[in-house]
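A.B. asks: Structure file protein-v8.pdb, PDB, C-alpha atoms and all ligand atoms, is pasted below:
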ATOM      1  CA  MET A  99      15.393 -16.713   8.342
ATOM      2  CA  LEU A 100      14.720 -13.407   6.572
ATOM      3  CA  LYS A 101      13.876 -10.480   8.813
ATOM      4  CA  VAL A 102      11.850  -7.396   7.959
ATOM      5  CA  ILE A 103      12.316  -4.217   9.975
ATOM      6  CA  SER A 104       8.906  -2.635   9.965
ATOM      7  CA  PHE A 105       6.610   0.139  11.035
ATOM      8  CA  LYS A 106       3.059  -1.115  11.425
ATOM      9  CA  ILE A 107       1.231   1.174   9.030
ATOM     10  CA  CYS A 108       3.936   1.683   6.402
ATOM     11  CA  PRO A 109       2.756   0.865   2.848
ATOM     12  CA  PHE A 110       6.336   0.372   1.607
ATOM     13  CA  VAL A 111       6.756  -2.357   4.232
ATOM     14  CA  GLN A 112       3.463  -3.957   3.249
ATOM     15  CA  ARG A 113       4.583  -4.262  -0.354
ATOM     16  CA  VAL A 114       7.552  -6.325   0.883
ATOM     17  CA  THR A 115       5.599  -8.480   3.351
ATOM     18  CA  ALA A 116       2.835  -9.058   0.775
ATOM     19  CA  LEU A 117       5.421 -10.428  -1.648
ATOM     20  CA  LEU A 118       6.915 -12.650   1.061
ATOM     21  CA  GLU A 119       3.413 -13.932   1.845
ATOM     22  CA  ALA A 120       2.572 -14.452  -1.832
ATOM     23  CA  LYS A 121       5.747 -16.486  -2.288
ATOM     24  CA  GLN A 122       5.245 -18.247   1.046
ATOM     25  CA  ILE A 123       8.753 -17.348   2.172
ATOM     26  CA  PRO A 124       9.128 -17.566   5.966
ATOM     27  CA  TYR A 125      10.218 -14.328   7.658
ATOM     28  CA  GLN A 126      10.311 -12.572  11.006
ATOM     29  CA  VAL A 127       9.182  -9.011  11.621
ATOM     30  CA  GLU A 128      10.661  -6.502  14.029
ATOM     31  CA  TYR A 129       8.623  -3.346  14.572
ATOM     32  CA  ILE A 130      10.233  -0.057  15.446
ATOM     33  CA  SER A 131       8.929   3.357  16.363
ATOM     34  CA  LEU A 132       9.696   5.963  13.697
ATOM     35  CA  SER A 133       9.315   8.806  16.186
ATOM     36  CA  ASP A 134      12.033   7.270  18.357
ATOM     37  CA  LYS A 135      14.262   5.262  16.012
ATOM     38  CA  PRO A 136      16.547   2.882  17.891
ATOM     39  CA  GLN A 137      20.281   3.449  17.542
ATOM     40  CA  TRP A 138      20.864  -0.049  16.082
ATOM     41  CA  PHE A 139      18.355   0.781  13.334
ATOM     42  CA  LEU A 140      20.031   4.101  12.490
ATOM     43  CA  GLU A 141      23.340   2.285  12.231
ATOM     44  CA  ILE A 142      22.106  -0.246   9.668
ATOM     45  CA  SER A 143      19.589   1.841   7.677
ATOM     46  CA  PRO A 144      21.339   4.114   5.173
ATOM     47  CA  ASN A 145      18.190   6.169   4.523
ATOM     48  CA  GLY A 146      16.827   5.970   8.082
ATOM     49  CA  GLN A 147      13.651   4.430   6.700
ATOM     50  CA  VAL A 148      11.725   1.175   6.802
ATOM     51  CA  PRO A 149      11.490  -1.338   5.286
ATOM     52  CA  LEU A 150      14.805  -3.080   5.766
ATOM     53  CA  LEU A 151      15.270  -6.698   4.818
ATOM     54  CA  VAL A 152      17.976  -8.661   6.578
ATOM     55  CA  THR A 153      18.838 -11.541   4.249
ATOM     56  CA  GLU A 154      19.820 -15.109   5.176
ATOM     57  CA  SER A 155      23.476 -14.101   4.778
ATOM     58  CA  GLY A 156      23.066 -11.053   7.033
ATOM     59  CA  SER A 157      23.083  -8.328   4.346
ATOM     60  CA  VAL A 158      20.816  -5.409   5.094
ATOM     61  CA  LEU A 159      18.765  -4.400   2.053
ATOM     62  CA  PHE A 160      16.957  -1.076   1.972
ATOM     63  CA  GLU A 161      14.584   0.746  -0.423
ATOM     64  CA  SER A 162      11.438  -1.275  -1.084
ATOM     65  CA  ASP A 163      11.962  -1.295  -4.885
ATOM     66  CA  ALA A 164      15.356  -2.947  -4.429
ATOM     67  CA  ILE A 165      14.009  -5.360  -1.827
ATOM     68  CA  VAL A 166      11.139  -6.636  -3.971
ATOM     69  CA  GLU A 167      13.448  -6.999  -6.971
ATOM     70  CA  TYR A 168      15.805  -9.049  -4.798
ATOM     71  CA  LEU A 169      12.949 -11.255  -3.570
ATOM     72  CA  GLU A 170      11.699 -11.756  -7.114
ATOM     73  CA  GLU A 171      15.182 -12.765  -8.329
ATOM     74  CA  ALA A 172      16.431 -14.772  -5.372
ATOM     75  CA  TYR A 173      13.256 -16.831  -4.816
ATOM     76  CA  PRO A 174      10.969 -18.575  -7.316
ATOM     77  CA  ALA A 175       9.414 -15.834  -9.466
ATOM     78  CA  LEU A 176       5.693 -15.105  -9.303
ATOM     79  CA  GLN A 177       5.558 -15.241 -13.105
ATOM     80  CA  PRO A 178       8.752 -16.919 -14.341
ATOM     81  CA  GLU A 179       7.514 -16.987 -17.926
ATOM     82  CA  LEU A 180       7.545 -13.198 -18.402
ATOM     83  CA  GLY A 181       9.904 -11.715 -20.986
ATOM     84  CA  SER A 182      12.053  -8.609 -20.490
ATOM     85  CA  GLU A 183       9.516  -6.201 -21.940
ATOM     86  CA  GLN A 184       6.696  -7.420 -19.752
ATOM     87  CA  ARG A 185       8.972  -7.366 -16.698
ATOM     88  CA  ALA A 186       9.908  -3.761 -17.515
ATOM     89  CA  LEU A 187       6.241  -2.875 -17.916
ATOM     90  CA  ASP A 188       5.444  -4.561 -14.616
ATOM     91  CA  ARG A 189       8.163  -2.551 -12.889
ATOM     92  CA  ALA A 190       6.776   0.651 -14.411
ATOM     93  CA  TRP A 191       3.188  -0.077 -13.295
ATOM     94  CA  SER A 192       4.538  -1.002  -9.866
ATOM     95  CA  TYR A 193       6.412   2.287  -9.727
ATOM     96  CA  LEU A 194       3.188   4.156 -10.478
ATOM     97  CA  ALA A 195       1.737   2.544  -7.348
ATOM     98  CA  SER A 196       4.637   3.132  -4.957
ATOM     99  CA  LYS A 197       4.979   6.729  -6.166
ATOM    100  CA  HIS A 198       1.466   7.263  -4.821
ATOM    101  CA  TYR A 199       1.818   5.658  -1.387
ATOM    102  CA  LEU A 200       2.667   8.964   0.265
ATOM    103  CA  VAL A 201       0.064  10.763  -1.840
ATOM    104  CA  GLN A 202      -2.559   8.419  -0.425
ATOM    105  CA  CYS A 203      -1.197   8.901   3.107
ATOM    106  CA  SER A 204      -1.530  12.657   2.828
ATOM    107  CA  ALA A 205      -5.003  12.424   1.235
ATOM    108  CA  GLN A 206      -6.148  10.237   4.122
ATOM    109  CA  ARG A 207      -4.812  12.804   6.597
ATOM    110  CA  SER A 208      -6.612  15.727   4.928
ATOM    111  CA  PRO A 209      -7.854  18.119   7.591
ATOM    112  CA  ASP A 210     -10.588  19.665   5.422
ATOM    113  CA  SER A 211     -12.517  19.014   2.233
ATOM    114  CA  ASP A 212     -10.568  21.416  -0.016
ATOM    115  CA  THR A 213      -7.363  19.615   0.910
ATOM    116  CA  LEU A 214      -8.973  16.214   0.363
ATOM    117  CA  VAL A 215     -10.238  17.236  -3.083
ATOM    118  CA  GLU A 216      -6.796  18.539  -4.070
ATOM    119  CA  ARG A 217      -4.897  15.495  -2.769
ATOM    120  CA  ARG A 218      -7.433  13.032  -4.094
ATOM    121  CA  ALA A 219      -7.030  14.478  -7.598
ATOM    122  CA  LYS A 220      -3.421  13.218  -7.630
ATOM    123  CA  LEU A 221      -4.503   9.761  -6.542
ATOM    124  CA  ASP A 222      -7.368   9.752  -9.035
ATOM    125  CA  SER A 223      -4.962  10.329 -11.865
ATOM    126  CA  ALA A 224      -3.097   7.126 -10.951
ATOM    127  CA  PHE A 225      -6.286   5.135 -10.393
ATOM    128  CA  SER A 226      -7.725   6.319 -13.716
ATOM    129  CA  LYS A 227      -4.594   5.210 -15.590
ATOM    130  CA  VAL A 228      -4.589   1.773 -14.021
ATOM    131  CA  ASP A 229      -8.358   1.474 -14.495
ATOM    132  CA  LEU A 230      -7.793   1.837 -18.248
ATOM    133  CA  ALA A 231      -4.965  -0.711 -18.192
ATOM    134  CA  LEU A 232      -6.933  -3.383 -16.325
ATOM    135  CA  ALA A 233      -8.658  -6.092 -18.335
ATOM    136  CA  ASP A 234     -11.567  -8.140 -17.036
ATOM    137  CA  CYS A 235      -9.264 -10.682 -15.418
ATOM    138  CA  PRO A 236      -9.050 -10.822 -11.646
ATOM    139  CA  TYR A 237      -5.406  -9.662 -11.484
ATOM    140  CA  PHE A 238      -3.317  -7.168 -13.420
ATOM    141  CA  ASN A 239      -1.691  -9.740 -15.713
ATOM    142  CA  GLY A 240      -4.609 -12.135 -15.896
ATOM    143  CA  THR A 241      -5.294 -15.054 -13.629
ATOM    144  CA  ALA A 242      -1.842 -15.216 -12.013
ATOM    145  CA  LEU A 243      -0.769 -12.859  -9.257
ATOM    146  CA  SER A 244       1.976 -10.499 -10.437
ATOM    147  CA  MET A 245       4.463  -8.009  -9.013
ATOM    148  CA  VAL A 246       2.064  -5.253 -10.118
ATOM    149  CA  ASP A 247      -0.695  -6.669  -7.911
ATOM    150  CA  ILE A 248       1.684  -6.724  -4.977
ATOM    151  CA  ALA A 249       2.717  -3.092  -5.547
ATOM    152  CA  TRP A 250      -0.880  -1.856  -5.715
ATOM    153  CA  LEU A 251      -2.071  -3.965  -2.780
ATOM    154  CA  PRO A 252      -1.149  -1.405  -0.063
ATOM    155  CA  LEU A 253      -3.132   1.327  -1.875
ATOM    156  CA  LEU A 254      -6.155  -0.905  -2.424
ATOM    157  CA  HIS A 255      -6.050  -2.358   1.087
ATOM    158  CA  ARG A 256      -5.938   1.117   2.663
ATOM    159  CA  ALA A 257      -8.821   2.269   0.463
ATOM    160  CA  ALA A 258     -10.824  -0.726   1.749
ATOM    161  CA  VAL A 259     -10.117   0.046   5.415
ATOM    162  CA  ILE A 260     -11.023   3.714   4.900
ATOM    163  CA  GLU A 261     -14.259   2.726   3.175
ATOM    164  CA  GLN A 262     -15.142   0.185   5.833
ATOM    165  CA  ARG A 263     -14.448   2.533   8.733
ATOM    166  CA  SER A 264     -15.542   5.905   7.333
ATOM    167  CA  GLY A 265     -17.759   5.124   4.350
ATOM    168  CA  TYR A 266     -15.527   7.209   2.074
ATOM    169  CA  ASP A 267     -14.539   5.397  -1.110
ATOM    170  CA  PHE A 268     -11.307   6.497  -2.765
ATOM    171  CA  LEU A 269     -12.128   4.129  -5.629
ATOM    172  CA  SER A 270     -15.535   5.519  -6.536
ATOM    173  CA  GLY A 271     -15.527   6.115 -10.276
ATOM    174  CA  PHE A 272     -13.014   3.355 -10.987
ATOM    175  CA  PRO A 273     -15.081   0.179 -11.424
ATOM    176  CA  LYS A 274     -12.266  -2.005 -12.714
ATOM    177  CA  VAL A 275      -9.963  -0.954  -9.896
ATOM    178  CA  LYS A 276     -12.801  -1.768  -7.495
ATOM    179  CA  HIS A 277     -13.082  -5.315  -8.922
ATOM    180  CA  TRP A 278      -9.325  -5.658  -8.727
ATOM    181  CA  GLN A 279      -9.413  -4.521  -5.092
ATOM    182  CA  GLN A 280     -12.018  -7.200  -4.299
ATOM    183  CA  ALA A 281      -9.997  -9.914  -6.069
ATOM    184  CA  LEU A 282      -6.829  -8.944  -4.205
ATOM    185  CA  LEU A 283      -8.582  -8.758  -0.842
ATOM    186  CA  ALA A 284     -10.044 -12.215  -1.491
ATOM    187  CA  THR A 285      -6.515 -13.663  -1.621
ATOM    188  CA  GLY A 286      -6.097 -12.872   2.099
ATOM    189  CA  LEU A 287      -2.717 -11.275   1.355
ATOM    190  CA  ALA A 288      -3.801  -7.907   2.741
ATOM    191  CA  GLU A 289      -4.431  -9.219   6.275
ATOM    192  CA  LYS A 290      -1.520 -11.631   6.200
ATOM    193  CA  SER A 291       0.950  -8.886   5.298
ATOM    194  CA  VAL A 292       0.122  -6.585   8.224
ATOM    195  CA  SER A 293      -0.061  -6.951  12.006
ATOM    196  CA  ALA A 294      -3.254  -8.208  13.643
ATOM    197  CA  ASP A 295      -3.968  -4.712  15.012
ATOM    198  CA  PHE A 296      -3.346  -2.970  11.661
ATOM    199  CA  ASP A 297      -6.891  -1.640  11.154
ATOM    200  CA  ASP A 298      -6.911  -0.050  14.612
ATOM    201  CA  ARG A 299      -3.401   1.425  14.381
ATOM    202  CA  PHE A 300      -4.144   2.704  10.886
ATOM    203  CA  SER A 301      -7.474   4.223  11.938
ATOM    204  CA  GLU A 302      -5.953   5.853  15.015
ATOM    205  CA  PHE A 303      -3.628   7.771  12.730
ATOM    206  CA  TYR A 304      -5.743   8.412   9.637
ATOM    207  CA  LEU A 305      -9.244   8.482  11.086
ATOM    208  CA  SER A 306      -8.640  10.574  14.179
ATOM    209  CA  ASP A 307     -10.700  13.667  14.952
ATOM    210  CA  GLN A 308      -7.918  15.683  13.305
ATOM    211  CA  THR A 309      -8.825  14.348   9.883
ATOM    212  CA  LEU A 310     -11.856  15.084   7.761
ATOM    213  CA  LEU A 311     -12.452  11.382   7.169
ATOM    214  CA  GLY A 312     -12.109  10.628  10.878
ATOM    215  CA  ARG A 313     -14.699  13.269  11.744
ATOM    216  CA  GLY A 314     -17.067  11.737   9.180
ATOM    217  CA  GLU A 315     -17.550  15.046   7.403
ATOM    218  CA  ASN A 316     -16.689  13.736   3.973
ATOM    219  CA  CYS A 317     -19.260  13.923   1.256
ATOM    220  CA  ASN A 318     -19.439  10.407  -0.077
ATOM    221  CA  SER A 319     -19.615   8.530   3.207
ATOM    222  CA  ASN A 320     -22.681   6.322   3.586
ATOM    223  CA  GLU A 321     -23.946   8.369   6.512
ATOM    224  CA  SER A 322     -23.545  11.710   4.852
ATOM    225  CA  ASP A 323     -24.672  10.779   1.333
ATOM    226  CA  GLN A 324     -28.188  12.056   1.894
ATOM    227  CA  ALA A 325     -27.072  15.227   3.640
ATOM    228  CA  CYS A 326     -24.559  15.938   0.898
ATOM    229  CA  ALA A 327     -27.066  15.301  -1.845
ATOM    230  CA  ASN A 328     -29.169  18.076  -0.364
ATOM    231  CA  SER A 329     -26.468  20.621   0.208
ATOM    232  CA  SER A 330     -23.755  22.415  -1.691
ATOM    233  CA  CYS A 331     -20.911  20.687   0.137
ATOM    234  CA  CYS A 332     -19.919  18.368  -2.715
TER
HETATM  235  N1  LIG B   1      11.869   5.081  -0.694
HETATM  236  C1  LIG B   1      11.640   4.345   0.524
HETATM  237  C2  LIG B   1      10.492   5.006   1.279
HETATM  238  C3  LIG B   1      10.202   4.305   2.614
HETATM  239  C4  LIG B   1       9.485   5.229   3.575
HETATM  240  O1  LIG B   1       9.082   6.367   3.225
HETATM  241  N2  LIG B   1       9.310   4.731   4.805
HETATM  242  C5  LIG B   1       8.756   5.590   5.827
HETATM  243  C6  LIG B   1       7.627   4.885   6.595
HETATM  244  S1  LIG B   1       6.233   4.556   5.553
HETATM  245  C7  LIG B   1       9.836   5.899   6.844
HETATM  246  O2  LIG B   1      10.618   5.048   7.190
HETATM  247  N3  LIG B   1       9.837   7.128   7.333
HETATM  248  C8  LIG B   1      10.757   7.572   8.342
HETATM  249  C9  LIG B   1      11.641   8.679   7.883
HETATM  250  O3  LIG B   1      11.624   9.032   6.687
HETATM  251  O4  LIG B   1      12.366   9.231   8.733
HETATM  252  C10 LIG B   1      11.324   2.887   0.188
HETATM  253  O5  LIG B   1      10.750   2.662  -0.891
HETATM  254  O6  LIG B   1      11.670   1.985   0.963
END
Please express the file's structure as structure tokens.

C.D. replies:
Amino acid sequence: MLKVISFKICPFVQRVTALLEAKQIPYQVEYISLSDKPQWFLEISPNGQVPLLVTESGSVLFESDAIVEYLEEAYPALQPELGSEQRALDRAWSYLASKHYLVQCSAQRSPDSDTLVERRAKLDSAFSKVDLALADCPYFNGTALSMVDIAWLPLLHRAAVIEQRSGYDFLSGFPKVKHWQQALLATGLAEKSVSADFDDRFSEFYLSDQTLLGRGENCNSNESDQACANSSCC
């Protein structure tokens, strides 16, 4: 059986597990601590990072882009009918998502509002581009789930957890992305592709009292909307 070496709140891992779930490919998960990487992991991971995918033949694949391409080629494709151009476009839109995983991580960890505004601007530029590219269909390529949906899922899932737990909406101003987020969450792939304690582990790290969002001092949270409307903070 395939095995994924994982860290619980890693978005690059979630892209891989979401694809495995979407394709209904059985797999095992082994979690490691990134602050105390086990020796066996360092020996098999060329970049010292998760995710790793151990294939049925025992090869160790690394780099999430390479892993999802392998899964798309080696197992029945999500959209087998796509031509080369569309596949290239899908890879490019997927790249726009994964390039922003760490941007989102750092925005979520913002210690103060100036930092959040600055980091959010980078995320907004990606969300605004994809908002323009989305049609009125539930998923990126229409009614069938695509590789692009899988790549954006970690960003949209994290935005949902942040909104649910802090009231702050990273997707405000992007109505089509918001619809897309709801359609993707409705598939159940977000929960299935993370551990049962994901929301708590994620919140412990991103919504601690060291972060602006964790302290509830942000300006578009539900609780602070009224206060912010009456002050110069936003
Ligand atoms: N380019 C890598 C990035 C993966 C990555 O950044 N993983 C993080 C966790 S989210 C990691 O393993 N960090 C540990 C480290 O860099 O030492 C990929 O796409 O797989």

A.B. asks: List all protein, DNA and RNA residues that have an atom no more than 8 Å from any atom of ligand LIG 1 (chain B), counting all atoms listed in the file, and report them as a list in words.

C.D. replies: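 These are the residues that qualify: Phe105, Ile107, Cys108, Pro109, Phe110, Val111, Leu132, Asn145, Gly146, Gln147, Val148, Pro149, Leu150, Phe160, Glu161, Ser162, Asp163, Ser196 and Leu200 of chain A.
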
A.B. asks: If we count all atoms listed in the file, what is near Leu214 in chain A at a cut-off of 10 Å, once residues fewer than 3 positions away on the same chain are taken out, given as a list in words?

C.D. replies: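 Residues meeting the cut-off are Ser204, Ala205, Gln206, Arg207, Ser208, Pro209, Asp210, Ser211, Arg217, Arg218, Ala219, Thr309, Leu310, Leu311 and Asn316 of chain A.
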
A.B. asks: Under the rule that only C-alpha atoms are counted, which of A:Ile123, A:Asp229, A:Arg263, A:His255 is the nearest residue to Gly286 in chain A?

C.D. replies: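 Comparing A:Ile123, A:Asp229, A:Arg263, A:His255 against Gly286 in chain A, the winner is A:His255.
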
A.B. asks: With the file shown as input, list the residues that the PyMOL selection byres (((chain A and resi 114) around 9) and not hetatm) selects, as a ChimeraX atom specification.

C.D. replies: /A:102,109-113,115-119,149,151,162-163,165-166,169,248-249,291

A.B. asks: Report the distance between CA of Arg256 in chain A and CA of Leu159 in chain A in Å, rounded to one decimal place.

C.D. replies: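 CA of Leu159 in chain A lies at a distance of 25.3 Å from CA of Arg256 in chain A.
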
A.B. asks: Could you add the missing atoms to range 188-199 of chain A, up to all heavy atoms, and return them as a PDB file, in the frame of the given file?

C.D. replies:
ATOM      1  N   ASP A 188       5.907  -4.269 -15.981  1.00  0.00           N
ATOM      2  CA  ASP A 188       5.444  -4.561 -14.616  1.00  0.00           C
ATOM      3  C   ASP A 188       6.137  -3.659 -13.604  1.00  0.00           C
ATOM      4  O   ASP A 188       5.524  -3.164 -12.666  1.00  0.00           O
ATOM      5  CB  ASP A 188       5.689  -6.034 -14.255  1.00  0.00           C
ATOM      6  CG  ASP A 188       4.611  -6.947 -14.838  1.00  0.00           C
ATOM      7  OD1 ASP A 188       3.799  -6.468 -15.648  1.00  0.00           O
ATOM      8  OD2 ASP A 188       4.583  -8.137 -14.473  1.00  0.00           O
ATOM      9  N   ARG A 189       7.436  -3.433 -13.814  1.00  0.00           N
ATOM     10  CA  ARG A 189       8.163  -2.551 -12.889  1.00  0.00           C
ATOM     11  C   ARG A 189       7.609  -1.122 -12.991  1.00  0.00           C
ATOM     12  O   ARG A 189       7.458  -0.429 -11.988  1.00  0.00           O
ATOM     13  CB  ARG A 189       9.666  -2.549 -13.191  1.00  0.00           C
ATOM     14  CG  ARG A 189      10.406  -3.751 -12.602  1.00  0.00           C
ATOM     15  CD  ARG A 189      11.905  -3.512 -12.537  1.00  0.00           C
ATOM     16  NE  ARG A 189      12.516  -3.443 -13.850  1.00  0.00           N
ATOM     17  CZ  ARG A 189      12.922  -4.494 -14.566  1.00  0.00           C
ATOM     18  NH1 ARG A 189      12.803  -5.712 -14.065  1.00  0.00           N
ATOM     19  NH2 ARG A 189      13.460  -4.341 -15.753  1.00  0.00           N
ATOM     20  N   ALA A 190       7.288  -0.712 -14.215  1.00  0.00           N
ATOM     21  CA  ALA A 190       6.776   0.651 -14.411  1.00  0.00           C
ATOM     22  C   ALA A 190       5.398   0.823 -13.751  1.00  0.00           C
ATOM     23  O   ALA A 190       5.138   1.810 -13.057  1.00  0.00           O
ATOM     24  CB  ALA A 190       6.702   0.969 -15.898  1.00  0.00           C
ATOM     25  N   TRP A 191       4.511  -0.167 -13.936  1.00  0.00           N
ATOM     26  CA  TRP A 191       3.188  -0.077 -13.295  1.00  0.00           C
ATOM     27  C   TRP A 191       3.311  -0.170 -11.773  1.00  0.00           C
ATOM     28  O   TRP A 191       2.537   0.424 -11.031  1.00  0.00           O
ATOM     29  CB  TRP A 191       2.252  -1.169 -13.828  1.00  0.00           C
ATOM     30  CG  TRP A 191       1.678  -0.802 -15.170  1.00  0.00           C
ATOM     31  CD1 TRP A 191       2.008  -1.318 -16.389  1.00  0.00           C
ATOM     32  CD2 TRP A 191       0.683   0.204 -15.425  1.00  0.00           C
ATOM     33  NE1 TRP A 191       1.285  -0.703 -17.386  1.00  0.00           N
ATOM     34  CE2 TRP A 191       0.461   0.236 -16.818  1.00  0.00           C
ATOM     35  CE3 TRP A 191      -0.038   1.087 -14.619  1.00  0.00           C
ATOM     36  CZ2 TRP A 191      -0.456   1.105 -17.414  1.00  0.00           C
ATOM     37  CZ3 TRP A 191      -0.967   1.962 -15.213  1.00  0.00           C
ATOM     38  CH2 TRP A 191      -1.154   1.962 -16.597  1.00  0.00           C
ATOM     39  N   SER A 192       4.301  -0.900 -11.316  1.00  0.00           N
ATOM     40  CA  SER A 192       4.538  -1.002  -9.866  1.00  0.00           C
ATOM     41  C   SER A 192       5.028   0.337  -9.338  1.00  0.00           C
ATOM     42  O   SER A 192       4.638   0.791  -8.257  1.00  0.00           O
ATOM     43  CB  SER A 192       5.591  -2.082  -9.568  1.00  0.00           C
ATOM     44  OG  SER A 192       5.154  -3.329 -10.028  1.00  0.00           O
ATOM     45  N   TYR A 193       5.876   0.988 -10.123  1.00  0.00           N
ATOM     46  CA  TYR A 193       6.412   2.287  -9.727  1.00  0.00           C
ATOM     47  C   TYR A 193       5.286   3.316  -9.618  1.00  0.00           C
ATOM     48  O   TYR A 193       5.257   4.137  -8.706  1.00  0.00           O
ATOM     49  CB  TYR A 193       7.483   2.728 -10.730  1.00  0.00           C
ATOM     50  CG  TYR A 193       8.116   4.055 -10.395  1.00  0.00           C
ATOM     51  CD1 TYR A 193       8.757   4.254  -9.178  1.00  0.00           C
ATOM     52  CD2 TYR A 193       8.068   5.115 -11.301  1.00  0.00           C
ATOM     53  CE1 TYR A 193       9.324   5.479  -8.862  1.00  0.00           C
ATOM     54  CE2 TYR A 193       8.630   6.339 -10.990  1.00  0.00           C
ATOM     55  CZ  TYR A 193       9.255   6.516  -9.772  1.00  0.00           C
ATOM     56  OH  TYR A 193       9.811   7.724  -9.458  1.00  0.00           O
ATOM     57  N   LEU A 194       4.317   3.222 -10.544  1.00  0.00           N
ATOM     58  CA  LEU A 194       3.188   4.156 -10.478  1.00  0.00           C
ATOM     59  C   LEU A 194       2.451   3.990  -9.137  1.00  0.00           C
ATOM     60  O   LEU A 194       1.962   4.961  -8.565  1.00  0.00           O
ATOM     61  CB  LEU A 194       2.222   3.918 -11.644  1.00  0.00           C
ATOM     62  CG  LEU A 194       1.139   4.988 -11.815  1.00  0.00           C
ATOM     63  CD1 LEU A 194       1.738   6.314 -12.271  1.00  0.00           C
ATOM     64  CD2 LEU A 194       0.075   4.541 -12.806  1.00  0.00           C
ATOM     65  N   ALA A 195       2.391   2.771  -8.651  1.00  0.00           N
ATOM     66  CA  ALA A 195       1.737   2.544  -7.348  1.00  0.00           C
ATOM     67  C   ALA A 195       2.574   3.129  -6.221  1.00  0.00           C
ATOM     68  O   ALA A 195       2.099   3.969  -5.448  1.00  0.00           O
ATOM     69  CB  ALA A 195       1.528   1.043  -7.128  1.00  0.00           C
ATOM     70  N   SER A 196       3.842   2.735  -6.134  1.00  0.00           N
ATOM     71  CA  SER A 196       4.637   3.132  -4.957  1.00  0.00           C
ATOM     72  C   SER A 196       4.857   4.647  -4.912  1.00  0.00           C
ATOM     73  O   SER A 196       4.965   5.234  -3.846  1.00  0.00           O
ATOM     74  CB  SER A 196       5.965   2.374  -4.910  1.00  0.00           C
ATOM     75  OG  SER A 196       6.740   2.670  -6.030  1.00  0.00           O
ATOM     76  N   LYS A 197       4.848   5.273  -6.089  1.00  0.00           N
ATOM     77  CA  LYS A 197       4.979   6.729  -6.166  1.00  0.00           C
ATOM     78  C   LYS A 197       3.766   7.423  -5.524  1.00  0.00           C
ATOM     79  O   LYS A 197       3.818   8.599  -5.197  1.00  0.00           O
ATOM     80  CB  LYS A 197       5.047   7.117  -7.651  1.00  0.00           C
ATOM     81  CG  LYS A 197       5.741   8.390  -7.958  1.00  0.00           C
ATOM     82  CD  LYS A 197       6.060   8.482  -9.437  1.00  0.00           C
ATOM     83  CE  LYS A 197       4.816   8.621 -10.310  1.00  0.00           C
ATOM     84  NZ  LYS A 197       5.105   9.194 -11.634  1.00  0.00           N
ATOM     85  N   HIS A 198       2.684   6.676  -5.380  1.00  0.00           N
ATOM     86  CA  HIS A 198       1.466   7.263  -4.821  1.00  0.00           C
ATOM     87  C   HIS A 198       1.172   6.836  -3.387  1.00  0.00           C
ATOM     88  O   HIS A 198       0.142   7.211  -2.834  1.00  0.00           O
ATOM     89  CB  HIS A 198       0.267   6.962  -5.744  1.00  0.00           C
ATOM     90  CG  HIS A 198       0.297   7.796  -6.992  1.00  0.00           C
ATOM     91  ND1 HIS A 198       1.034   7.444  -8.096  1.00  0.00           N
ATOM     92  CD2 HIS A 198      -0.254   9.008  -7.263  1.00  0.00           C
ATOM     93  CE1 HIS A 198       0.918   8.389  -9.009  1.00  0.00           C
ATOM     94  NE2 HIS A 198       0.153   9.344  -8.536  1.00  0.00           N
ATOM     95  N   TYR A 199       2.071   6.056  -2.782  1.00  0.00           N
ATOM     96  CA  TYR A 199       1.818   5.658  -1.387  1.00  0.00           C
ATOM     97  C   TYR A 199       1.709   6.893  -0.482  1.00  0.00           C
ATOM     98  O   TYR A 199       0.803   7.010   0.329  1.00  0.00           O
ATOM     99  CB  TYR A 199       2.943   4.754  -0.846  1.00  0.00           C
ATOM    100  CG  TYR A 199       3.032   3.360  -1.428  1.00  0.00           C
ATOM    101  CD1 TYR A 199       4.155   2.573  -1.175  1.00  0.00           C
ATOM    102  CD2 TYR A 199       2.017   2.812  -2.206  1.00  0.00           C
ATOM    103  CE1 TYR A 199       4.267   1.283  -1.674  1.00  0.00           C
ATOM    104  CE2 TYR A 199       2.126   1.521  -2.723  1.00  0.00           C
ATOM    105  CZ  TYR A 199       3.250   0.761  -2.452  1.00  0.00           C
ATOM    106  OH  TYR A 199       3.360  -0.510  -2.949  1.00  0.00           O
TER     107      TYR A 199
END
